[in-house]
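> I am sharing structure29.cif, which consists of mmCIF, C-alpha atoms:
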```
data_model
loop_
_atom_site.label_atom_id
_atom_site.label_comp_id
_atom_site.auth_asym_id
_atom_site.auth_seq_id
_atom_site.Cartn_x
_atom_site.Cartn_y
_atom_site.Cartn_z
CA MET E 1 56.34 2.05 -9.33
CA LYS E 2 52.59 1.78 -8.74
CA GLU E 3 50.14 3.86 -6.72
CA ALA E 4 47.26 2.52 -4.64
CA SER E 5 44.53 4.38 -2.77
CA SER E 6 42.83 2.91 0.30
CA ARG E 7 40.09 3.55 2.81
CA GLY E 8 39.44 2.49 6.39
CA TYR E 9 37.04 3.18 9.24
CA ASN E 10 38.39 6.69 9.84
CA THR E 11 38.25 10.12 8.19
CA PHE E 12 40.82 9.99 5.41
CA ILE E 13 41.81 8.36 2.14
CA ALA E 14 45.44 7.24 2.03
CA THR E 15 47.66 6.75 -0.99
CA TYR E 16 50.59 4.34 -1.12
CA LEU E 17 53.54 4.14 -3.50
CA PHE E 18 54.63 0.59 -4.24
CA ASP E 19 58.09 -0.03 -5.71
CA SER E 20 58.30 -3.66 -6.79
CA LEU E 21 62.03 -3.50 -7.56
CA ALA E 22 62.98 -2.00 -4.21
CA GLY E 23 60.37 -4.04 -2.33
CA THR E 24 58.90 -0.99 -0.60
CA LEU E 25 55.40 0.25 0.17
CA ASP E 26 55.25 3.85 1.41
CA VAL E 27 52.37 6.06 2.51
CA THR E 28 52.60 9.16 0.33
CA ALA E 29 49.60 11.18 1.53
CA LYS E 30 46.37 11.27 3.52
CA PHE E 31 43.39 13.20 2.19
CA PRO E 32 40.38 14.29 4.32
CA ALA E 33 37.18 12.36 3.68
CA GLY E 34 33.91 11.73 5.49
CA ILE E 35 33.44 9.83 8.73
CA ASN E 36 33.75 6.03 8.55
CA THR E 37 35.01 5.94 5.00
CA SER E 38 35.02 2.23 4.23
CA TRP E 39 34.64 1.18 0.57
CA ILE E 40 35.90 2.69 -2.69
CA SER E 41 35.19 1.79 -6.30
CA PRO E 42 36.88 3.07 -9.48
CA HIS E 43 34.97 4.39 -12.47
CA PRO E 44 35.04 1.62 -15.14
CA LYS E 45 36.01 3.97 -17.98
CA ASN E 46 37.79 6.91 -16.35
CA SER E 47 40.62 5.93 -14.00
CA SER E 48 40.79 9.45 -12.55
CA ILE E 49 37.36 9.08 -10.88
CA PHE E 50 36.33 6.94 -7.95
CA TYR E 51 33.44 6.69 -5.50
CA ALA E 52 33.34 6.06 -1.76
CA THR E 53 30.93 5.21 1.03
CA ASN E 54 30.50 6.77 4.44
CA GLU E 55 29.40 3.80 6.51
CA LEU E 56 27.18 5.58 9.02
CA SER E 57 23.97 4.89 10.95
CA PRO E 58 21.11 5.77 10.66
CA MET E 59 22.02 7.34 7.29
CA GLY E 60 25.13 6.71 5.23
CA ALA E 61 26.44 8.60 2.23
CA LEU E 62 27.98 8.24 -1.21
CA GLN E 63 30.79 10.52 -2.40
CA SER E 64 32.69 11.18 -5.62
CA TYR E 65 36.43 11.90 -5.90
CA THR E 66 39.11 12.43 -8.50
CA THR E 67 42.74 11.38 -8.43
CA THR E 68 45.85 11.90 -10.53
CA PRO E 69 48.00 8.93 -11.64
CA ASP E 70 50.46 9.75 -8.86
CA GLY E 71 47.76 9.65 -6.18
CA LEU E 72 46.75 13.28 -5.61
CA VAL E 73 43.13 12.97 -4.46
CA SER E 74 40.58 15.81 -4.74
CA GLY E 75 37.04 15.95 -3.40
CA PRO E 76 34.49 15.03 -2.41
CA HIS E 77 32.93 16.67 -5.45
CA ASP E 78 29.44 15.56 -4.44
CA THR E 79 27.81 13.79 -1.49
CA VAL E 80 24.34 12.23 -1.41
CA PRO E 81 22.50 10.16 1.22
CA SER E 82 22.67 6.41 0.75
CA GLY E 83 19.03 5.96 1.76
CA GLY E 84 19.80 3.72 4.71
CA SER E 85 22.12 2.53 7.42
CA ASP E 86 25.77 1.45 7.18
CA PRO E 87 26.45 1.23 3.44
CA ALA E 88 29.25 -1.34 3.19
CA PHE E 89 29.64 -1.40 -0.59
CA THR E 90 29.53 0.79 -3.67
CA VAL E 91 30.30 0.10 -7.32
CA ALA E 92 30.34 2.19 -10.49
CA LEU E 93 28.32 0.61 -13.31
CA SER E 94 28.95 0.59 -17.05
CA THR E 95 25.68 2.54 -17.44
CA GLY E 96 27.18 5.64 -15.79
CA GLN E 97 25.24 4.93 -12.60
CA VAL E 98 26.65 4.20 -9.15
CA ALA E 99 25.12 1.61 -6.82
CA ILE E 100 25.37 1.68 -3.04
CA MET E 101 24.06 -1.01 -0.67
CA ASN E 102 23.00 -0.37 2.94
CA TYR E 103 23.91 -3.41 5.00
CA ASP E 104 21.94 -2.72 8.18
CA SER E 105 18.72 -1.32 6.72
CA GLY E 106 18.25 -3.90 3.96
CA ASN E 107 18.08 -1.47 1.05
CA GLY E 108 20.11 0.40 -1.53
CA ARG E 109 20.09 3.09 -4.20
CA ILE E 110 21.40 3.35 -7.77
CA PHE E 111 22.31 6.91 -8.75
CA PRO E 112 22.53 8.33 -12.25
CA THR E 113 25.45 10.73 -12.71
CA ASP E 114 25.92 13.79 -14.93
CA SER E 115 28.31 14.09 -17.89
CA SER E 116 31.26 14.67 -15.55
CA CYS E 117 30.42 11.44 -13.66
CA LEU E 118 30.99 13.42 -10.46
CA LYS E 119 27.50 14.75 -9.69
CA PHE E 120 24.75 12.40 -8.54
CA ASP E 121 21.07 12.77 -9.48
CA ASN E 122 19.58 12.38 -6.02
CA ASP E 123 16.01 12.77 -7.30
CA SER E 124 16.27 9.86 -9.76
CA ALA E 125 17.52 7.17 -7.37
CA PRO E 126 14.58 5.67 -5.45
CA THR E 127 15.36 3.41 -2.53
CA ILE E 128 15.29 -0.30 -3.39
CA THR E 129 14.13 -2.37 -0.41
CA PHE E 130 15.01 -6.07 -0.31
CA PRO E 131 12.32 -8.33 1.21
CA PRO E 132 13.51 -9.54 4.63
CA PRO E 133 13.42 -13.21 5.60
CA VAL E 134 10.88 -14.43 8.13
CA ASP E 135 12.11 -13.43 11.61
CA GLY E 136 15.21 -11.91 10.09
CA VAL E 137 16.79 -8.89 8.42
CA SER E 138 17.96 -8.40 4.86
CA HIS E 139 21.67 -7.51 4.61
CA PRO E 140 22.58 -6.58 1.00
CA HIS E 141 26.37 -6.65 0.81
CA MET E 142 27.29 -6.13 -2.85
CA ALA E 143 26.02 -5.13 -6.28
CA TYR E 144 27.45 -7.14 -9.19
CA GLU E 145 26.75 -6.04 -12.76
CA PHE E 146 26.26 -8.78 -15.34
CA GLU E 147 24.72 -8.56 -18.82
CA GLY E 148 22.16 -5.88 -18.02
CA GLU E 149 21.37 -7.15 -14.55
CA ILE E 150 22.57 -6.31 -11.07
CA ILE E 151 22.95 -9.28 -8.74
CA THR E 152 22.99 -8.49 -5.02
CA PRO E 153 24.08 -11.04 -2.40
CA ASP E 154 21.86 -10.81 0.67
CA LEU E 155 23.79 -12.04 3.71
CA GLY E 156 20.72 -11.93 5.93
CA GLY E 157 18.25 -13.46 3.49
CA ASP E 158 20.46 -16.17 1.92
CA LYS E 159 19.61 -15.04 -1.60
CA LEU E 160 21.15 -13.44 -4.65
CA TRP E 161 18.62 -10.80 -5.72
CA ARG E 162 18.33 -10.04 -9.44
CA LEU E 163 17.59 -6.46 -10.49
CA THR E 164 16.80 -5.15 -13.97
CA PRO E 165 16.22 -1.57 -15.18
CA ASP E 166 12.92 -0.21 -16.47
CA GLY E 167 14.47 1.10 -19.66
CA GLY E 168 16.49 -2.00 -20.50
CA PRO E 169 20.28 -2.22 -20.69
CA VAL E 170 20.66 0.51 -23.37
CA GLN E 171 18.62 3.23 -21.62
CA PRO E 172 18.64 2.20 -17.95
CA GLY E 173 16.10 3.84 -15.70
CA GLU E 174 14.97 2.82 -12.26
CA TRP E 175 16.00 -0.65 -11.13
CA ASN E 176 13.55 -3.22 -9.80
CA ILE E 177 13.84 -6.60 -8.12
CA THR E 178 12.77 -9.11 -10.76
CA GLY E 179 14.07 -12.42 -9.43
CA LEU E 180 16.30 -14.28 -7.03
CA ILE E 181 18.76 -17.17 -6.78
CA PRO E 182 18.35 -19.11 -3.50
CA GLN E 183 21.47 -19.85 -1.47
CA PRO E 184 22.06 -22.40 1.33
CA LEU E 185 20.07 -21.58 4.46
CA GLY E 186 22.18 -19.80 7.05
CA SER E 187 25.22 -19.51 4.77
CA GLY E 188 25.25 -15.71 4.55
CA PRO E 189 26.25 -14.94 0.94
CA ARG E 190 28.51 -11.87 1.07
CA HIS E 191 30.39 -11.31 -2.21
CA MET E 192 30.43 -13.02 -5.60
CA LYS E 193 32.13 -13.19 -8.97
CA ILE E 194 31.04 -14.55 -12.33
CA PHE E 195 33.51 -16.32 -14.58
CA GLY E 196 32.33 -17.97 -17.77
CA ASP E 197 28.87 -19.35 -17.11
CA ARG E 198 29.43 -19.97 -13.40
CA ILE E 199 28.64 -17.96 -10.25
CA PHE E 200 31.20 -18.16 -7.45
CA VAL E 201 29.91 -17.00 -4.04
CA ILE E 202 31.76 -16.45 -0.79
CA HIS E 203 29.50 -17.14 2.22
CA GLU E 204 30.42 -15.21 5.37
CA LEU E 205 28.50 -17.21 7.98
CA ALA E 206 29.34 -20.67 6.64
CA SER E 207 32.90 -19.74 5.58
CA THR E 208 32.35 -21.51 2.27
CA LEU E 209 33.03 -20.97 -1.41
CA THR E 210 30.38 -22.28 -3.81
CA VAL E 211 30.07 -22.64 -7.56
CA GLN E 212 26.88 -23.02 -9.61
CA PRO E 213 25.66 -22.36 -13.16
CA ILE E 214 24.09 -18.98 -13.88
CA PRO E 215 20.34 -19.62 -13.89
CA ALA E 216 18.15 -18.17 -16.64
CA SER E 217 16.72 -14.74 -15.83
CA PRO E 218 14.64 -13.79 -13.97
CA ASN E 219 13.84 -16.75 -11.75
CA GLY E 220 15.62 -19.76 -13.20
CA THR E 221 17.21 -22.20 -10.80
CA SER E 222 20.46 -24.12 -10.70
CA ASN E 223 22.08 -26.48 -8.25
CA ILE E 224 25.29 -25.75 -6.40
CA ILE E 225 27.94 -27.94 -8.04
CA ASP E 226 30.46 -27.80 -5.21
CA SER E 227 30.97 -26.14 -1.85
CA LYS E 228 34.27 -25.96 0.01
CA LEU E 229 35.21 -24.67 3.45
CA ILE E 230 37.74 -21.87 3.23
CA THR E 231 38.75 -21.87 6.90
CA PRO E 232 42.49 -22.42 7.34
CA SER E 233 44.01 -25.44 9.03
CA GLY E 234 45.44 -25.37 12.55
CA LEU E 235 43.19 -22.66 14.03
CA PRO E 236 43.47 -21.95 17.77
CA ALA E 237 40.62 -22.73 20.14
CA GLY E 238 38.15 -19.85 20.17
CA ALA E 239 38.80 -18.74 16.60
CA ALA E 240 35.65 -17.46 14.85
CA MET E 241 35.96 -17.33 11.07
CA ALA E 242 33.92 -15.18 8.70
CA ALA E 243 34.61 -15.16 4.96
CA ALA E 244 34.97 -11.74 3.35
CA GLU E 245 36.32 -11.19 -0.17
CA ILE E 246 36.65 -13.08 -3.46
CA LEU E 247 38.83 -12.23 -6.47
CA ILE E 248 39.05 -14.01 -9.83
CA PRO E 249 41.48 -12.13 -12.09
CA ASN E 250 41.20 -12.59 -15.84
CA PRO E 251 43.69 -15.15 -17.19
CA THR E 252 46.73 -13.91 -19.14
CA SER E 253 49.73 -15.57 -20.76
CA LYS E 254 51.62 -15.19 -17.49
CA PHE E 255 48.67 -16.30 -15.35
CA PRO E 256 46.73 -18.71 -17.59
CA ILE E 257 44.66 -20.33 -14.82
CA PRO E 258 41.91 -18.14 -13.31
CA TYR E 259 42.65 -18.97 -9.69
CA ILE E 260 40.13 -17.91 -7.05
CA TYR E 261 41.47 -15.88 -4.11
CA VAL E 262 39.30 -15.72 -0.98
CA SER E 263 39.96 -14.02 2.36
CA ASN E 264 39.20 -15.24 5.85
CA ARG E 265 38.48 -13.01 8.87
CA ASN E 266 39.10 -14.32 12.36
CA THR E 267 36.85 -12.33 14.69
CA GLY E 268 37.65 -14.53 17.70
CA VAL E 269 40.89 -15.70 19.34
CA GLN E 270 43.66 -14.59 17.01
CA ASP E 271 45.97 -16.99 15.21
CA PRO E 272 49.65 -15.97 15.55
CA ARG E 273 49.95 -16.57 11.81
CA GLY E 274 47.19 -14.03 11.12
CA ASP E 275 44.34 -14.47 8.68
CA ALA E 276 44.83 -16.56 5.56
CA ILE E 277 44.16 -15.97 1.89
CA ALA E 278 43.01 -19.28 0.42
CA ILE E 279 43.64 -20.00 -3.26
CA PHE E 280 41.28 -22.34 -5.12
CA GLU E 281 41.07 -23.67 -8.65
CA HIS E 282 37.84 -24.40 -10.52
CA VAL E 283 38.61 -27.82 -11.97
CA ASN E 284 37.00 -29.74 -14.83
CA PRO E 285 34.24 -27.21 -15.64
CA GLY E 286 31.29 -28.76 -17.42
CA LYS E 287 32.35 -32.32 -16.62
CA PRO E 288 30.84 -34.78 -14.14
CA ASP E 289 33.73 -34.25 -11.71
CA GLU E 290 33.60 -30.44 -11.87
CA GLY E 291 34.49 -28.84 -8.57
CA LEU E 292 36.66 -26.59 -6.43
CA LYS E 293 40.18 -27.58 -5.41
CA LEU E 294 42.17 -25.92 -2.63
CA ILE E 295 45.64 -25.06 -3.94
CA THR E 296 47.21 -23.41 -0.89
CA GLU E 297 46.72 -21.14 2.13
CA VAL E 298 48.84 -18.01 2.59
CA PHE E 299 49.00 -16.72 6.16
CA THR E 300 49.32 -12.94 6.17
CA GLY E 301 49.76 -11.75 9.75
CA LEU E 302 46.72 -9.52 9.11
CA ASP E 303 43.69 -9.27 11.39
CA GLN E 304 40.28 -9.52 9.67
CA ILE E 305 41.01 -9.09 5.95
CA ARG E 306 37.96 -7.29 4.58
CA GLY E 307 39.31 -5.90 1.32
CA MET E 308 42.06 -7.03 -1.02
CA GLU E 309 42.74 -6.19 -4.64
CA ILE E 310 44.86 -7.44 -7.54
CA GLY E 311 46.73 -4.81 -9.55
CA LEU E 312 45.82 -3.58 -13.01
CA GLU E 313 46.79 -5.79 -15.94
CA ARG E 314 48.53 -2.96 -17.76
CA ASN E 315 52.29 -2.82 -17.21
CA GLY E 316 52.20 -6.14 -15.37
CA GLY E 317 50.38 -4.80 -12.35
CA ASP E 318 48.28 -7.96 -12.07
CA GLU E 319 51.37 -9.70 -10.73
CA PHE E 320 50.60 -8.14 -7.33
CA LEU E 321 47.88 -8.36 -4.67
CA ILE E 322 47.43 -5.86 -1.83
CA ALA E 323 45.53 -6.62 1.37
CA ALA E 324 44.96 -5.24 4.86
CA GLY E 325 42.92 -5.97 7.96
CA VAL E 326 40.23 -3.88 9.67
CA ALA E 327 41.61 -4.71 13.14
CA GLY E 328 45.01 -5.06 14.77
CA SER E 329 48.15 -3.26 13.69
CA ALA E 330 49.63 -5.30 10.82
CA GLY E 331 49.16 -2.52 8.23
CA ALA E 332 49.01 -3.18 4.49
CA VAL E 333 50.92 -5.87 2.61
CA VAL E 334 51.67 -6.48 -1.07
CA TYR E 335 52.19 -9.99 -2.42
CA ARG E 336 53.59 -11.18 -5.71
CA ARG E 337 51.62 -13.90 -7.46
CA ILE E 338 53.97 -16.79 -8.18
CA ALA E 339 53.63 -20.32 -9.57
CA GLY E 340 51.33 -19.01 -12.28
CA GLY E 341 49.14 -17.41 -9.61
CA GLY E 342 48.85 -20.54 -7.50
CA ASN E 343 50.78 -19.02 -4.59
CA LEU E 344 51.75 -15.67 -3.06
CA THR E 345 55.02 -14.35 -1.67
CA GLU E 346 55.34 -11.16 0.37
CA VAL E 347 57.10 -8.24 -1.33
CA ALA E 348 56.44 -5.25 0.93
CA ARG E 349 54.60 -4.27 4.09
CA ASN E 350 53.79 -0.90 5.63
CA LEU E 351 52.75 -0.52 9.28
CA GLU E 352 52.25 3.26 9.33
CA ILE E 353 48.46 2.99 9.03
CA PRO E 354 47.40 0.01 11.19
CA THR E 355 44.15 -0.88 9.39
CA ARG E 356 42.55 -0.47 5.94
CA THR E 357 39.29 -1.76 4.46
CA THR E 358 39.63 -1.55 0.68
CA PHE E 359 42.00 -0.54 -2.13
CA ILE E 360 42.07 0.57 -5.73
CA TRP E 361 45.20 0.48 -7.93
CA LEU E 362 45.98 3.56 -10.00
#
```
As C-alpha cells, how would this structure be written, given the file I've shared?

Amino acid sequence: MKEASSRGYNTFIATYLFDSLAGTLDVTAKFPAGINTSWISPHPKNSSIFYATNELSPMGALQSYTTTPDGLVSGPHDTVPSGGSDPAFTVALSTGQVAIMNYDSGNGRIFPTDSSCLKFDNDSAPTITFPPPVDGVSHPHMAYEFEGEIITPDLGGDKLWRLTPDGGPVQPGEWNITGLIPQPLGSGPRHMKIFGDRIFVIHELASTLTVQPIPASPNGTSNIIDSKLITPSGLPAGAAMAAAEILIPNPTSKFPIPYIYVSNRNTGVQDPRGDAIAIFEHVNPGKPDEGLKLITEVFTGLDQIRGMEIGLERNGGDEFLIAAGVAGSAGAVVYRRIAGGGNLTEVARNLEIPTRTTFIWL
C-alpha cells in the first residue's frame, strides 16, 4: 500500500491510500490548509517535510508542513508572503532553500530555511522580478534546479531565465538573473525537465514539446532540435488545448527507456474521452536524426490535468502514475506503467474529491 498527498483550489490537503493489489484508491483524511492551496513540493532529503503555496491575489503565501509515512499531516508550521500574486509553483532546493514563483506578478522569492527546514527566513529572500516582454507580462511558472543554477520558464516572456546565487553553489546567498535561453515566440514555456545534456520544455500556448541542448551558462545559445504537437487526435470542435505538465522518470531495469509523459488540458468544449496523457520517446540522441517520437495517447476522463506524479522508485512505486484534473468531477486516477513505461493502464479511481491540482507520493 502507498500513500499520496494532494492539493487543490480549496482549503485542505487530502491524503489517499493506494492499494495496488486490491486496485483501490481511498481518501483517508483531509487536513485544513490555507485558501487556494494549489501546489506542493517534498523536501529533497527529508520525506516527512513538504511545502505548499496559497495561490492568492494580490499576495500569495508559502507554507511548511510535516507528514508521517501513513499520511498524517501537521501544520502549517510557518507561513510567509510569496512577494506577489498567484504563486502557481514551489520547489524545495538541495541548498535548503525553497523557491516560489508568482505567476501573475512576474516575480518570485527564494527563502532560506532554519535547521528544522520548517521556518523560513523572510528577511533574507528579496523579490526577484523577471523583465517583462514588450507589451506583455512575465509569467514565471516553475523553478528548476540544475548544477548550481535555477532555470525558470517564463510563459509570458517566452524565455527560460537562468539564476545563480551570489555565494556560489556551496554557500548560496541571494539569487540573481544572470542569463536566459530564448524560446519560440508565443509558445508559452510552462514546465521543463533536464535529462542528460538536453532540456525538454512543455509549451502551454503552443501545446508543444521541444528538445534542445543545454547552452553554456550564462548566455549560451542552442537550437531546438525537434518540436512536436502534444494535442490528442480526434478532438471535438471548440476544444482549446493548453499543455501543462512534463515528467521524465529515471530509467531502471524495469523501465529502461526514459519515456516523456506530458499532460494536455482542454479548456474549451470537452472531449467525452477526457484529457490525454501523451507519451513520447527521445530517439537517437546526439545523431543527425535525433528527435521526439509519439508512442501513444492515454485518454483519462479527467478535465484539465494540471498535476500528475510518478511514484517513488523505492519498493517499486515508480510503476504507478497518479493524475487529476482541476475542473469537472472525474476525481483522481492511478495508472500502472506497462510495456516498459510506453503505455498506461488504469488501476484505481476515486471520485470523492472531484478535483486536485498536484500530488506527492509518501
> Compare E:Glu145, E:Glu346, E:Glu290, E:Asp135 by their minimum atom-to-atom distance to Asp226 in chain E, counting only C-alpha atoms, and give me the closest one.
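Closest to Asp226 in chain E, using only C-alpha atoms: E:Glu290.
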> Hey, what's within 7 Å of Asn176 in chain E if we count only C-alpha atoms and toss same-chain stuff fewer than 6 positions away? As a VMD selection string, please?
chain E and resid 163 to 165
> Starting from the displayed file, determine the output of the PyMOL selection byres ((chain E and resi 185-196) around 7) and express the residue list as a PyMOL selection string.
chain E and resi 141-142+153-156+158+183-184+197-206+244-246
> Find the residues around range 259-268 of chain E up to 9 Å (only C-alpha atoms counted), leave out those fewer than 3 positions away in its own chain, and share them as a PyMOL selection string.
chain E and resi 200+202+204+207+209+230-232+238-251+255-256+271+274-282+295+302-308+325+341-342
> What would the list of residues within 9 Å of (20.2, 12.3, -8.4) (file frame) look like as a CSV table (one decimal) with C-alpha atoms, in the frame of the given file, if all atoms listed in the file are what count?

```csv
chain,number,residue,atom,x,y,z
E,80,VAL,CA,24.3,12.2,-1.4
E,111,PHE,CA,22.3,6.9,-8.8
E,112,PRO,CA,22.5,8.3,-12.2
E,113,THR,CA,25.4,10.7,-12.7
E,114,ASP,CA,25.9,13.8,-14.9
E,119,LYS,CA,27.5,14.8,-9.7
E,120,PHE,CA,24.8,12.4,-8.5
E,121,ASP,CA,21.1,12.8,-9.5
E,122,ASN,CA,19.6,12.4,-6.0
E,123,ASP,CA,16.0,12.8,-7.3
E,124,SER,CA,16.3,9.9,-9.8
E,125,ALA,CA,17.5,7.2,-7.4
```
> So how many Å separate CA of Thr355 in chain E and CA of Arg109 in chain E, to one decimal?
27.9 Å
> From the set E:Gly179, E:Gly23, E:Asp166, E:Ser115, which residue has the shortest atom-to-atom contact distance to Thr345 in chain E, counting only C-alpha atoms?
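Among the listed residues, E:Gly23 lies closest to Thr345 in chain E.
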> Run through the PyMOL selection byres ((chain E and resi 130) around 9) on the given coordinates and return the selected residues as an mmCIF file with C-alpha atoms, in the frame of the given file.

```cif
data_model
loop_
_atom_site.group_PDB
_atom_site.id
_atom_site.type_symbol
_atom_site.label_atom_id
_atom_site.label_comp_id
_atom_site.auth_asym_id
_atom_site.auth_seq_id
_atom_site.Cartn_x
_atom_site.Cartn_y
_atom_site.Cartn_z
ATOM 1 C CA GLY E 106 18.250 -3.900 3.960
ATOM 2 C CA ASN E 107 18.080 -1.470 1.050
ATOM 3 C CA GLY E 108 20.110 0.400 -1.530
ATOM 4 C CA ILE E 128 15.290 -0.300 -3.390
ATOM 5 C CA THR E 129 14.130 -2.370 -0.410
ATOM 6 C CA PRO E 131 12.320 -8.330 1.210
ATOM 7 C CA PRO E 132 13.510 -9.540 4.630
ATOM 8 C CA SER E 138 17.960 -8.400 4.860
ATOM 9 C CA HIS E 139 21.670 -7.510 4.610
ATOM 10 C CA PRO E 140 22.580 -6.580 1.000
ATOM 11 C CA ASP E 154 21.860 -10.810 0.670
ATOM 12 C CA GLY E 157 18.250 -13.460 3.490
ATOM 13 C CA TRP E 161 18.620 -10.800 -5.720
ATOM 14 C CA ILE E 177 13.840 -6.600 -8.120
#
```
> Selection in question (the file shown): the PyMOL selection byres ((chain E and resi 160) around 7). Which residues does it include, as a count of residues only?
10
> Could you work out an axis-aligned box for range 194-200 of chain E, taking every atom the file lists and adding 3 Å on each side, and report centre and edge lengths in Å to one decimal, as lines of an AutoDock Vina configuration file?

```
center_x = 31.1
center_y = -17.3
center_z = -12.6
size_x = 10.9
size_y = 11.4
size_z = 16.3
```
> Do you know which residues lie at most 12 Å from (54.3, 9.3, 1.1), with coordinates as in the file and all atoms listed in the file counted, and could you write them as an MDAnalysis selection string?
chainID E and resid 3:5 14:18 24:31 70:72 350 352:353
> Applying 9 Å and only C-alpha atoms, which residues near Asn223 in chain E remain after dropping the ones on its own chain fewer than 4 positions away? List them as an NGL selection string.
:E and (211-213)
